[in-house]
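*Asks:* Structure provided below as structure tokens; questions to follow.
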Amino acid sequence: MVRMHTPGKGISQSALPYKRSVPTWQKLTADEVKETIYKLSKKGLTPSQIGVILRDSHGVNQIKHLTGTKILRILRAKGLASKIPEDLYHLIKKAVAIRKHLEKNRQDKDSKYRLILVESRIHKLARYYKTKSVLPPNWKYESSTASALVA
């Protein structure tokens, strides 16, 4: 997603290696990596957390180069993927946290404003996922039921 509510124009991101083949020092096979992904997913980790663990602990730099598919696609094929996408989940979680803060601090005008911005991002992302058929067409974000989605 682009920078929506900030004046910055930053496009900083990590650069993938040009060579798309598996490194010669890589000891794990594709099947071992898939089993590790299944095991970590059953513990309740998100695809990005699984990627970080595989990178840091197991020395797998790019899962796609090793297995041929991305982590989320591997999880979807096995039926372990979550119902709502990870980025939408984290935005909803942030909105719930801001609402909880606003219950205690009603005069916090900046938080009220930030809540509006976060919820507009949620609506925009939900509209995108509905067009891509990731979310059902009748899915709707409601602030009253958002805490149940995150729990």
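Ordered as shown in the structure tokens, chains take letters A, B, and onward, while each chain numbers its residues from 1 and ligands are numbered from 1 in the order shown.
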Determine, counting only C-alpha atoms, which protein, DNA and RNA residues have an atom within 10 Å of an atom of A:Ser82; residues of the same chain fewer than 4 positions away are not included. Present the result as a PDB file with N, CA and C atoms, in the first residue's frame.
*Replies:*
```pdb
ATOM      1  N   SER A  41       2.938 -22.714  11.510  1.00  0.00           N
ATOM      2  CA  SER A  41       1.595 -22.178  11.306  1.00  0.00           C
ATOM      3  C   SER A  41       0.624 -22.740  12.337  1.00  0.00           C
ATOM      4  N   GLY A  44       0.369 -20.901  15.437  1.00  0.00           N
ATOM      5  CA  GLY A  44      -0.360 -19.639  15.397  1.00  0.00           C
ATOM      6  C   GLY A  44       0.428 -18.471  14.839  1.00  0.00           C
ATOM      7  N   THR A  46       2.004 -15.950  11.905  1.00  0.00           N
ATOM      8  CA  THR A  46       1.586 -15.413  10.616  1.00  0.00           C
ATOM      9  C   THR A  46       2.647 -15.745   9.562  1.00  0.00           C
ATOM     10  N   PRO A  47       2.307 -15.655   8.271  1.00  0.00           N
ATOM     11  CA  PRO A  47       3.300 -15.949   7.228  1.00  0.00           C
ATOM     12  C   PRO A  47       4.568 -15.109   7.316  1.00  0.00           C
ATOM     13  N   LEU A  72       2.395 -18.047   1.934  1.00  0.00           N
ATOM     14  CA  LEU A  72       0.934 -17.982   2.023  1.00  0.00           C
ATOM     15  C   LEU A  72       0.267 -18.983   1.079  1.00  0.00           C
ATOM     16  N   LEU A  75       0.510 -22.386   2.628  1.00  0.00           N
ATOM     17  CA  LEU A  75      -0.480 -22.530   3.703  1.00  0.00           C
ATOM     18  C   LEU A  75      -1.894 -22.679   3.148  1.00  0.00           C
ATOM     19  N   ARG A  76      -2.219 -21.941   2.085  1.00  0.00           N
ATOM     20  CA  ARG A  76      -3.555 -22.058   1.482  1.00  0.00           C
ATOM     21  C   ARG A  76      -3.779 -23.449   0.901  1.00  0.00           C
ATOM     22  N   GLU A  86      -3.298 -10.837   6.336  1.00  0.00           N
ATOM     23  CA  GLU A  86      -2.474 -10.398   7.460  1.00  0.00           C
ATOM     24  C   GLU A  86      -2.416  -8.884   7.608  1.00  0.00           C
ATOM     25  N   TYR A  89      -5.657  -7.667   9.010  1.00  0.00           N
ATOM     26  CA  TYR A  89      -5.728  -8.077  10.408  1.00  0.00           C
ATOM     27  C   TYR A  89      -4.982  -7.100  11.305  1.00  0.00           C
TER      28      TYR A  89
END
```
*Asks:* Excluding A:Pro23 and its own-chain neighbours fewer than 2 positions away, which residues fall within 12 Å of it when counting only C-alpha atoms? Please give them as a PyMOL selection string.
*Replies:* chain A and resi 17+19-21+25-29+59-63+65-66
*Asks:* Based on the selection just made, write all heavy atoms of those residues as a short mmCIF file (atom, residue, chain, number, x, y, z; two decimals), in the first residue's frame.
*Replies:*
```cif
data_model
loop_
_atom_site.label_atom_id
_atom_site.label_comp_id
_atom_site.auth_asym_id
_atom_site.auth_seq_id
_atom_site.Cartn_x
_atom_site.Cartn_y
_atom_site.Cartn_z
N PRO A 17 18.15 -10.65 -4.01
CA PRO A 17 19.33 -10.99 -4.81
C PRO A 17 18.94 -11.25 -6.27
O PRO A 17 17.86 -11.77 -6.55
CB PRO A 17 19.87 -12.26 -4.14
CG PRO A 17 18.85 -12.70 -3.18
CD PRO A 17 17.91 -11.59 -2.93
N LYS A 19 20.31 -13.35 -8.39
CA LYS A 19 20.33 -14.78 -8.69
C LYS A 19 19.14 -15.46 -8.01
O LYS A 19 18.97 -15.33 -6.80
CB LYS A 19 21.64 -15.35 -8.15
CG LYS A 19 22.13 -16.56 -8.86
CD LYS A 19 23.55 -16.82 -8.41
CE LYS A 19 23.86 -18.28 -8.52
NZ LYS A 19 25.18 -18.59 -8.04
N ARG A 20 18.33 -16.17 -8.76
CA ARG A 20 17.12 -16.76 -8.20
C ARG A 20 17.28 -18.24 -7.86
O ARG A 20 16.31 -18.90 -7.54
CB ARG A 20 15.96 -16.59 -9.18
CG ARG A 20 15.52 -15.15 -9.29
CD ARG A 20 14.15 -15.05 -9.90
NE ARG A 20 13.69 -13.67 -9.85
CZ ARG A 20 13.68 -12.86 -10.88
NH1 ARG A 20 14.11 -13.26 -12.06
NH2 ARG A 20 13.24 -11.62 -10.75
N SER A 21 18.48 -18.75 -7.96
CA SER A 21 18.68 -20.17 -7.64
C SER A 21 18.96 -20.34 -6.15
O SER A 21 19.28 -19.39 -5.43
CB SER A 21 19.85 -20.72 -8.46
OG SER A 21 21.03 -20.00 -8.16
N TRP A 25 25.18 -23.52 -0.27
CA TRP A 25 25.35 -23.86 1.14
C TRP A 25 24.04 -24.25 1.82
O TRP A 25 24.03 -24.67 2.97
CB TRP A 25 26.00 -22.71 1.91
CG TRP A 25 25.37 -21.37 1.65
CD1 TRP A 25 25.78 -20.45 0.75
CD2 TRP A 25 24.19 -20.83 2.27
NE1 TRP A 25 24.95 -19.35 0.77
CE2 TRP A 25 23.96 -19.56 1.69
CE3 TRP A 25 23.32 -21.28 3.25
CZ2 TRP A 25 22.90 -18.75 2.07
CZ3 TRP A 25 22.26 -20.48 3.62
CH2 TRP A 25 22.07 -19.22 3.04
N GLN A 26 22.92 -24.15 1.11
CA GLN A 26 21.61 -24.46 1.70
C GLN A 26 21.48 -25.96 1.95
O GLN A 26 21.61 -26.77 1.06
CB GLN A 26 20.51 -24.00 0.75
CG GLN A 26 19.11 -24.16 1.30
CD GLN A 26 18.85 -23.22 2.46
OE1 GLN A 26 19.04 -22.03 2.32
NE2 GLN A 26 18.44 -23.75 3.57
N LYS A 27 21.22 -26.32 3.22
CA LYS A 27 21.15 -27.73 3.59
C LYS A 27 19.73 -28.29 3.56
O LYS A 27 19.53 -29.47 3.34
CB LYS A 27 21.73 -27.92 5.00
CG LYS A 27 23.16 -27.44 5.15
CD LYS A 27 24.08 -28.59 5.41
CE LYS A 27 25.49 -28.18 5.72
NZ LYS A 27 26.14 -27.34 4.77
N LEU A 28 18.71 -27.44 3.80
CA LEU A 28 17.33 -27.91 3.87
C LEU A 28 16.76 -28.16 2.48
O LEU A 28 17.08 -27.46 1.53
CB LEU A 28 16.46 -26.88 4.60
CG LEU A 28 16.74 -26.65 6.07
CD1 LEU A 28 15.92 -25.49 6.59
CD2 LEU A 28 16.41 -27.90 6.87
N THR A 29 15.90 -29.16 2.40
CA THR A 29 15.19 -29.42 1.15
C THR A 29 13.83 -28.71 1.18
O THR A 29 13.40 -28.23 2.23
CB THR A 29 14.97 -30.93 0.95
OG1 THR A 29 14.13 -31.41 2.00
CG2 THR A 29 16.30 -31.68 0.96
N GLY A 59 18.26 -20.37 8.27
CA GLY A 59 19.15 -19.96 7.18
C GLY A 59 18.54 -20.06 5.80
O GLY A 59 19.26 -20.23 4.82
N VAL A 60 17.20 -19.97 5.70
CA VAL A 60 16.55 -20.01 4.38
C VAL A 60 16.31 -18.57 3.96
O VAL A 60 15.50 -17.87 4.56
CB VAL A 60 15.20 -20.77 4.46
CG1 VAL A 60 14.55 -20.81 3.09
CG2 VAL A 60 15.41 -22.18 4.98
N ASN A 61 17.04 -18.12 2.92
CA ASN A 61 16.93 -16.70 2.57
C ASN A 61 15.64 -16.39 1.83
O ASN A 61 14.95 -15.44 2.15
CB ASN A 61 18.15 -16.25 1.77
CG ASN A 61 18.39 -17.08 0.54
OD1 ASN A 61 17.71 -18.08 0.31
ND2 ASN A 61 19.35 -16.69 -0.26
N GLN A 62 15.26 -17.18 0.83
CA GLN A 62 14.03 -16.96 0.08
C GLN A 62 13.29 -18.28 -0.06
O GLN A 62 13.77 -19.20 -0.73
CB GLN A 62 14.31 -16.38 -1.30
CG GLN A 62 14.74 -14.93 -1.30
CD GLN A 62 13.63 -14.02 -0.87
OE1 GLN A 62 12.50 -14.14 -1.32
NE2 GLN A 62 13.94 -13.10 0.03
N ILE A 63 12.12 -18.36 0.55
CA ILE A 63 11.33 -19.60 0.50
C ILE A 63 10.88 -19.87 -0.92
O ILE A 63 10.85 -21.02 -1.38
CB ILE A 63 10.14 -19.52 1.47
CG1 ILE A 63 10.60 -19.72 2.92
CG2 ILE A 63 9.14 -20.61 1.20
CD1 ILE A 63 10.98 -18.50 3.61
N HIS A 65 12.39 -19.27 -3.72
CA HIS A 65 13.46 -19.85 -4.53
C HIS A 65 13.64 -21.33 -4.21
O HIS A 65 13.95 -22.12 -5.10
CB HIS A 65 14.77 -19.11 -4.30
CG HIS A 65 14.73 -17.68 -4.70
ND1 HIS A 65 15.72 -16.79 -4.39
CD2 HIS A 65 13.81 -16.95 -5.39
CE1 HIS A 65 15.43 -15.60 -4.86
NE2 HIS A 65 14.26 -15.67 -5.48
N LEU A 66 13.43 -21.69 -2.97
CA LEU A 66 13.65 -23.08 -2.54
C LEU A 66 12.47 -23.97 -2.88
O LEU A 66 12.64 -25.07 -3.43
CB LEU A 66 13.91 -23.10 -1.03
CG LEU A 66 14.34 -24.42 -0.42
CD1 LEU A 66 15.68 -24.84 -0.98
CD2 LEU A 66 14.44 -24.29 1.08
#
```
*Asks:* Quick one: everything within 10 Å of stretch 125-138 of chain A, counting only C-alpha atoms, minus sequence neighbours fewer than 2 positions away in the same chain. Send it as an MDAnalysis selection string.
*Replies:* chainID A and resid 1 83:85 87:88 91 119:123 140:141
*Asks:* Which residues come within 12 Å of A:Lys64, counting only C-alpha atoms, excluding same-chain residues fewer than 6 positions away, as a VMD selection string?
*Replies:* chain A and resid 16 20 to 22 30 33 to 34 51 70 to 74
*Asks:* Can you write just those residues out, N, CA and C atoms, as a compact mmCIF listing (two decimals), in the first residue's frame?
*Replies:*
```txt
# COMPACT_ATOMS: atom_id res chain seq x y z
N LEU A 16 16.01 -7.83 -3.37
CA LEU A 16 16.22 -9.27 -3.47
C LEU A 16 17.48 -9.55 -4.28
N ARG A 20 18.33 -16.17 -8.76
CA ARG A 20 17.12 -16.76 -8.20
C ARG A 20 17.28 -18.24 -7.86
N SER A 21 18.48 -18.75 -7.96
CA SER A 21 18.68 -20.17 -7.64
C SER A 21 18.96 -20.34 -6.15
N VAL A 22 18.85 -21.58 -5.68
CA VAL A 22 19.09 -21.90 -4.28
C VAL A 22 20.59 -21.85 -4.02
N ALA A 30 13.16 -28.71 0.03
CA ALA A 30 11.87 -28.04 -0.06
C ALA A 30 10.84 -28.71 0.84
N VAL A 33 11.37 -27.71 4.49
CA VAL A 33 10.93 -26.33 4.71
C VAL A 33 9.40 -26.27 4.80
N LYS A 34 8.72 -27.02 3.94
CA LYS A 34 7.25 -27.03 3.98
C LYS A 34 6.75 -27.60 5.30
N GLY A 51 8.38 -16.49 7.90
CA GLY A 51 9.50 -16.14 7.04
C GLY A 51 10.69 -15.62 7.82
N LYS A 70 5.23 -19.24 -2.60
CA LYS A 70 5.35 -18.39 -1.42
C LYS A 70 4.73 -19.07 -0.20
N ILE A 71 5.02 -18.53 0.98
CA ILE A 71 4.56 -19.13 2.23
C ILE A 71 3.04 -19.16 2.29
N LEU A 72 2.40 -18.05 1.93
CA LEU A 72 0.93 -17.98 2.02
C LEU A 72 0.27 -18.98 1.08
N ARG A 73 0.84 -19.17 -0.09
CA ARG A 73 0.28 -20.14 -1.04
C ARG A 73 0.46 -21.57 -0.54
N ILE A 74 1.58 -21.83 0.12
CA ILE A 74 1.81 -23.15 0.72
C ILE A 74 0.77 -23.41 1.80
```
*Asks:* Excluding stretch 94-96 of chain A and residues on its chain fewer than 2 positions from it, collect all residues at most 10 Å away from it, counting only C-alpha atoms, and give them as JSON, numbers by chain.
*Replies:* {"A": [88, 89, 90, 91, 92, 98, 99, 100, 101, 102, 114, 115, 116, 117, 118, 119, 122, 143, 144, 145, 146, 147, 148, 149, 150]}
*Asks:* Using DSSP on the backbone coordinates, identify all residues within stretch 7-75 of chain A classified as helix (DSSP H, G or I); present the result as JSON, numbers by chain.
*Replies:* {"A": [30, 31, 32, 33, 34, 35, 36, 37, 38, 39, 40, 41, 42, 47, 48, 49, 50, 51, 52, 53, 54, 55, 56, 57, 63, 64, 65, 66, 67, 71, 72, 73, 74, 75]}
*Asks:* Write out, as a CSV table (one decimal), in the first residue's frame, the residues just selected, with N, CA, C and O atoms.
*Replies:*
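Final file, part.csv:
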```csv
chain,number,residue,atom,x,y,z
A,30,ALA,N,13.2,-28.7,0.0
A,30,ALA,CA,11.9,-28.0,-0.1
A,30,ALA,C,10.8,-28.7,0.8
A,30,ALA,O,10.0,-28.0,1.5
A,31,ASP,N,10.9,-30.0,0.9
A,31,ASP,CA,9.9,-30.7,1.8
A,31,ASP,C,10.1,-30.5,3.2
A,31,ASP,O,9.2,-30.3,4.0
A,32,GLU,N,11.4,-30.4,3.7
A,32,GLU,CA,11.7,-30.0,5.1
A,32,GLU,C,11.2,-28.6,5.4
A,32,GLU,O,10.7,-28.4,6.5
A,33,VAL,N,11.4,-27.7,4.5
A,33,VAL,CA,10.9,-26.3,4.7
A,33,VAL,C,9.4,-26.3,4.8
A,33,VAL,O,8.8,-25.6,5.7
A,34,LYS,N,8.7,-27.0,3.9
A,34,LYS,CA,7.3,-27.0,4.0
A,34,LYS,C,6.8,-27.6,5.3
A,34,LYS,O,5.8,-27.1,5.9
A,35,GLU,N,7.4,-28.7,5.8
A,35,GLU,CA,7.0,-29.2,7.1
A,35,GLU,C,7.2,-28.2,8.2
A,35,GLU,O,6.4,-28.1,9.1
A,36,THR,N,8.3,-27.5,8.1
A,36,THR,CA,8.6,-26.5,9.2
A,36,THR,C,7.5,-25.4,9.1
A,36,THR,O,7.1,-24.9,10.1
A,37,ILE,N,7.1,-25.0,7.9
A,37,ILE,CA,6.1,-24.0,7.7
A,37,ILE,C,4.8,-24.4,8.3
A,37,ILE,O,4.1,-23.7,9.0
A,38,TYR,N,4.4,-25.7,8.1
A,38,TYR,CA,3.2,-26.3,8.6
A,38,TYR,C,3.2,-26.2,10.2
A,38,TYR,O,2.2,-25.9,10.8
A,39,LYS,N,4.4,-26.7,10.7
A,39,LYS,CA,4.5,-26.7,12.1
A,39,LYS,C,4.4,-25.3,12.8
A,39,LYS,O,3.7,-25.2,13.8
A,40,LEU,N,5.1,-24.4,12.2
A,40,LEU,CA,5.0,-23.0,12.7
A,40,LEU,C,3.6,-22.4,12.6
A,40,LEU,O,3.2,-21.6,13.4
A,41,SER,N,2.9,-22.7,11.5
A,41,SER,CA,1.6,-22.2,11.3
A,41,SER,C,0.6,-22.7,12.3
A,41,SER,O,-0.3,-22.0,12.8
A,42,LYS,N,0.8,-24.0,12.7
A,42,LYS,CA,-0.1,-24.6,13.7
A,42,LYS,C,0.1,-24.0,15.1
A,42,LYS,O,-0.7,-24.1,15.9
A,47,PRO,N,2.3,-15.7,8.3
A,47,PRO,CA,3.3,-15.9,7.2
A,47,PRO,C,4.6,-15.1,7.3
A,47,PRO,O,5.7,-15.6,7.1
A,48,SER,N,4.5,-13.8,7.7
A,48,SER,CA,5.7,-13.0,7.8
A,48,SER,C,6.5,-13.4,9.0
A,48,SER,O,7.8,-13.4,8.9
A,49,GLN,N,5.9,-13.8,10.1
A,49,GLN,CA,6.7,-14.3,11.2
A,49,GLN,C,7.4,-15.6,10.9
A,49,GLN,O,8.5,-15.8,11.3
A,50,ILE,N,6.7,-16.5,10.1
A,50,ILE,CA,7.3,-17.7,9.7
A,50,ILE,C,8.5,-17.5,8.8
A,50,ILE,O,9.5,-18.1,9.0
A,51,GLY,N,8.4,-16.5,7.9
A,51,GLY,CA,9.5,-16.1,7.0
A,51,GLY,C,10.7,-15.6,7.8
A,51,GLY,O,11.8,-16.0,7.5
A,52,VAL,N,10.4,-14.8,8.9
A,52,VAL,CA,11.5,-14.3,9.7
A,52,VAL,C,12.2,-15.4,10.4
A,52,VAL,O,13.4,-15.5,10.5
A,53,ILE,N,11.4,-16.3,11.0
A,53,ILE,CA,12.0,-17.5,11.7
A,53,ILE,C,12.8,-18.3,10.8
A,53,ILE,O,14.0,-18.8,11.1
A,54,LEU,N,12.3,-18.6,9.6
A,54,LEU,CA,13.1,-19.5,8.7
A,54,LEU,C,14.4,-18.8,8.2
A,54,LEU,O,15.4,-19.4,8.0
A,55,ARG,N,14.3,-17.4,8.1
A,55,ARG,CA,15.5,-16.7,7.7
A,55,ARG,C,16.5,-16.7,8.8
A,55,ARG,O,17.7,-16.9,8.6
A,56,ASP,N,16.1,-16.4,10.0
A,56,ASP,CA,17.0,-16.2,11.1
A,56,ASP,C,17.5,-17.5,11.7
A,56,ASP,O,18.7,-17.6,12.1
A,57,SER,N,16.6,-18.4,11.9
A,57,SER,CA,17.0,-19.7,12.7
A,57,SER,C,17.4,-20.8,11.7
A,57,SER,O,18.3,-21.6,12.1
A,63,ILE,N,12.1,-18.4,0.5
A,63,ILE,CA,11.3,-19.6,0.5
A,63,ILE,C,10.9,-19.9,-0.9
A,63,ILE,O,10.9,-21.0,-1.4
A,64,LYS,N,10.5,-18.8,-1.7
A,64,LYS,CA,10.1,-19.0,-3.0
A,64,LYS,C,11.1,-19.6,-3.9
A,64,LYS,O,10.8,-20.4,-4.8
A,65,HIS,N,12.4,-19.3,-3.7
A,65,HIS,CA,13.5,-19.9,-4.5
A,65,HIS,C,13.6,-21.3,-4.2
A,65,HIS,O,14.0,-22.1,-5.1
A,66,LEU,N,13.4,-21.7,-3.0
A,66,LEU,CA,13.6,-23.1,-2.5
A,66,LEU,C,12.5,-24.0,-2.9
A,66,LEU,O,12.6,-25.1,-3.4
A,67,THR,N,11.2,-23.5,-2.6
A,67,THR,CA,10.1,-24.4,-2.8
A,67,THR,C,9.3,-24.1,-4.1
A,67,THR,O,8.6,-25.0,-4.6
A,71,ILE,N,5.0,-18.5,1.0
A,71,ILE,CA,4.6,-19.1,2.2
A,71,ILE,C,3.0,-19.2,2.3
A,71,ILE,O,2.4,-20.2,2.6
A,72,LEU,N,2.4,-18.0,1.9
A,72,LEU,CA,0.9,-18.0,2.0
A,72,LEU,C,0.3,-19.0,1.1
A,72,LEU,O,-0.7,-19.6,1.4
A,73,ARG,N,0.8,-19.2,-0.1
A,73,ARG,CA,0.3,-20.1,-1.0
A,73,ARG,C,0.5,-21.6,-0.5
A,73,ARG,O,-0.4,-22.4,-0.8
A,74,ILE,N,1.6,-21.8,0.1
A,74,ILE,CA,1.8,-23.1,0.7
A,74,ILE,C,0.8,-23.4,1.8
A,74,ILE,O,0.2,-24.5,1.9
A,75,LEU,N,0.5,-22.4,2.6
A,75,LEU,CA,-0.5,-22.5,3.7
A,75,LEU,C,-1.9,-22.7,3.1
A,75,LEU,O,-2.7,-23.5,3.7
```
*Asks:* In Å, with one decimal, what is the gap from atom CA of A:Ala151 to atom CA of A:Ser111?
*Replies:*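 According to the coordinates, atom CA of A:Ala151 and atom CA of A:Ser111 are separated by 21.9 Å.
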*Asks:* Between atom CA of A:Ser12 and atom CA of A:Asp110, what is the spacing in Å?
*Replies:* 26.9 Å
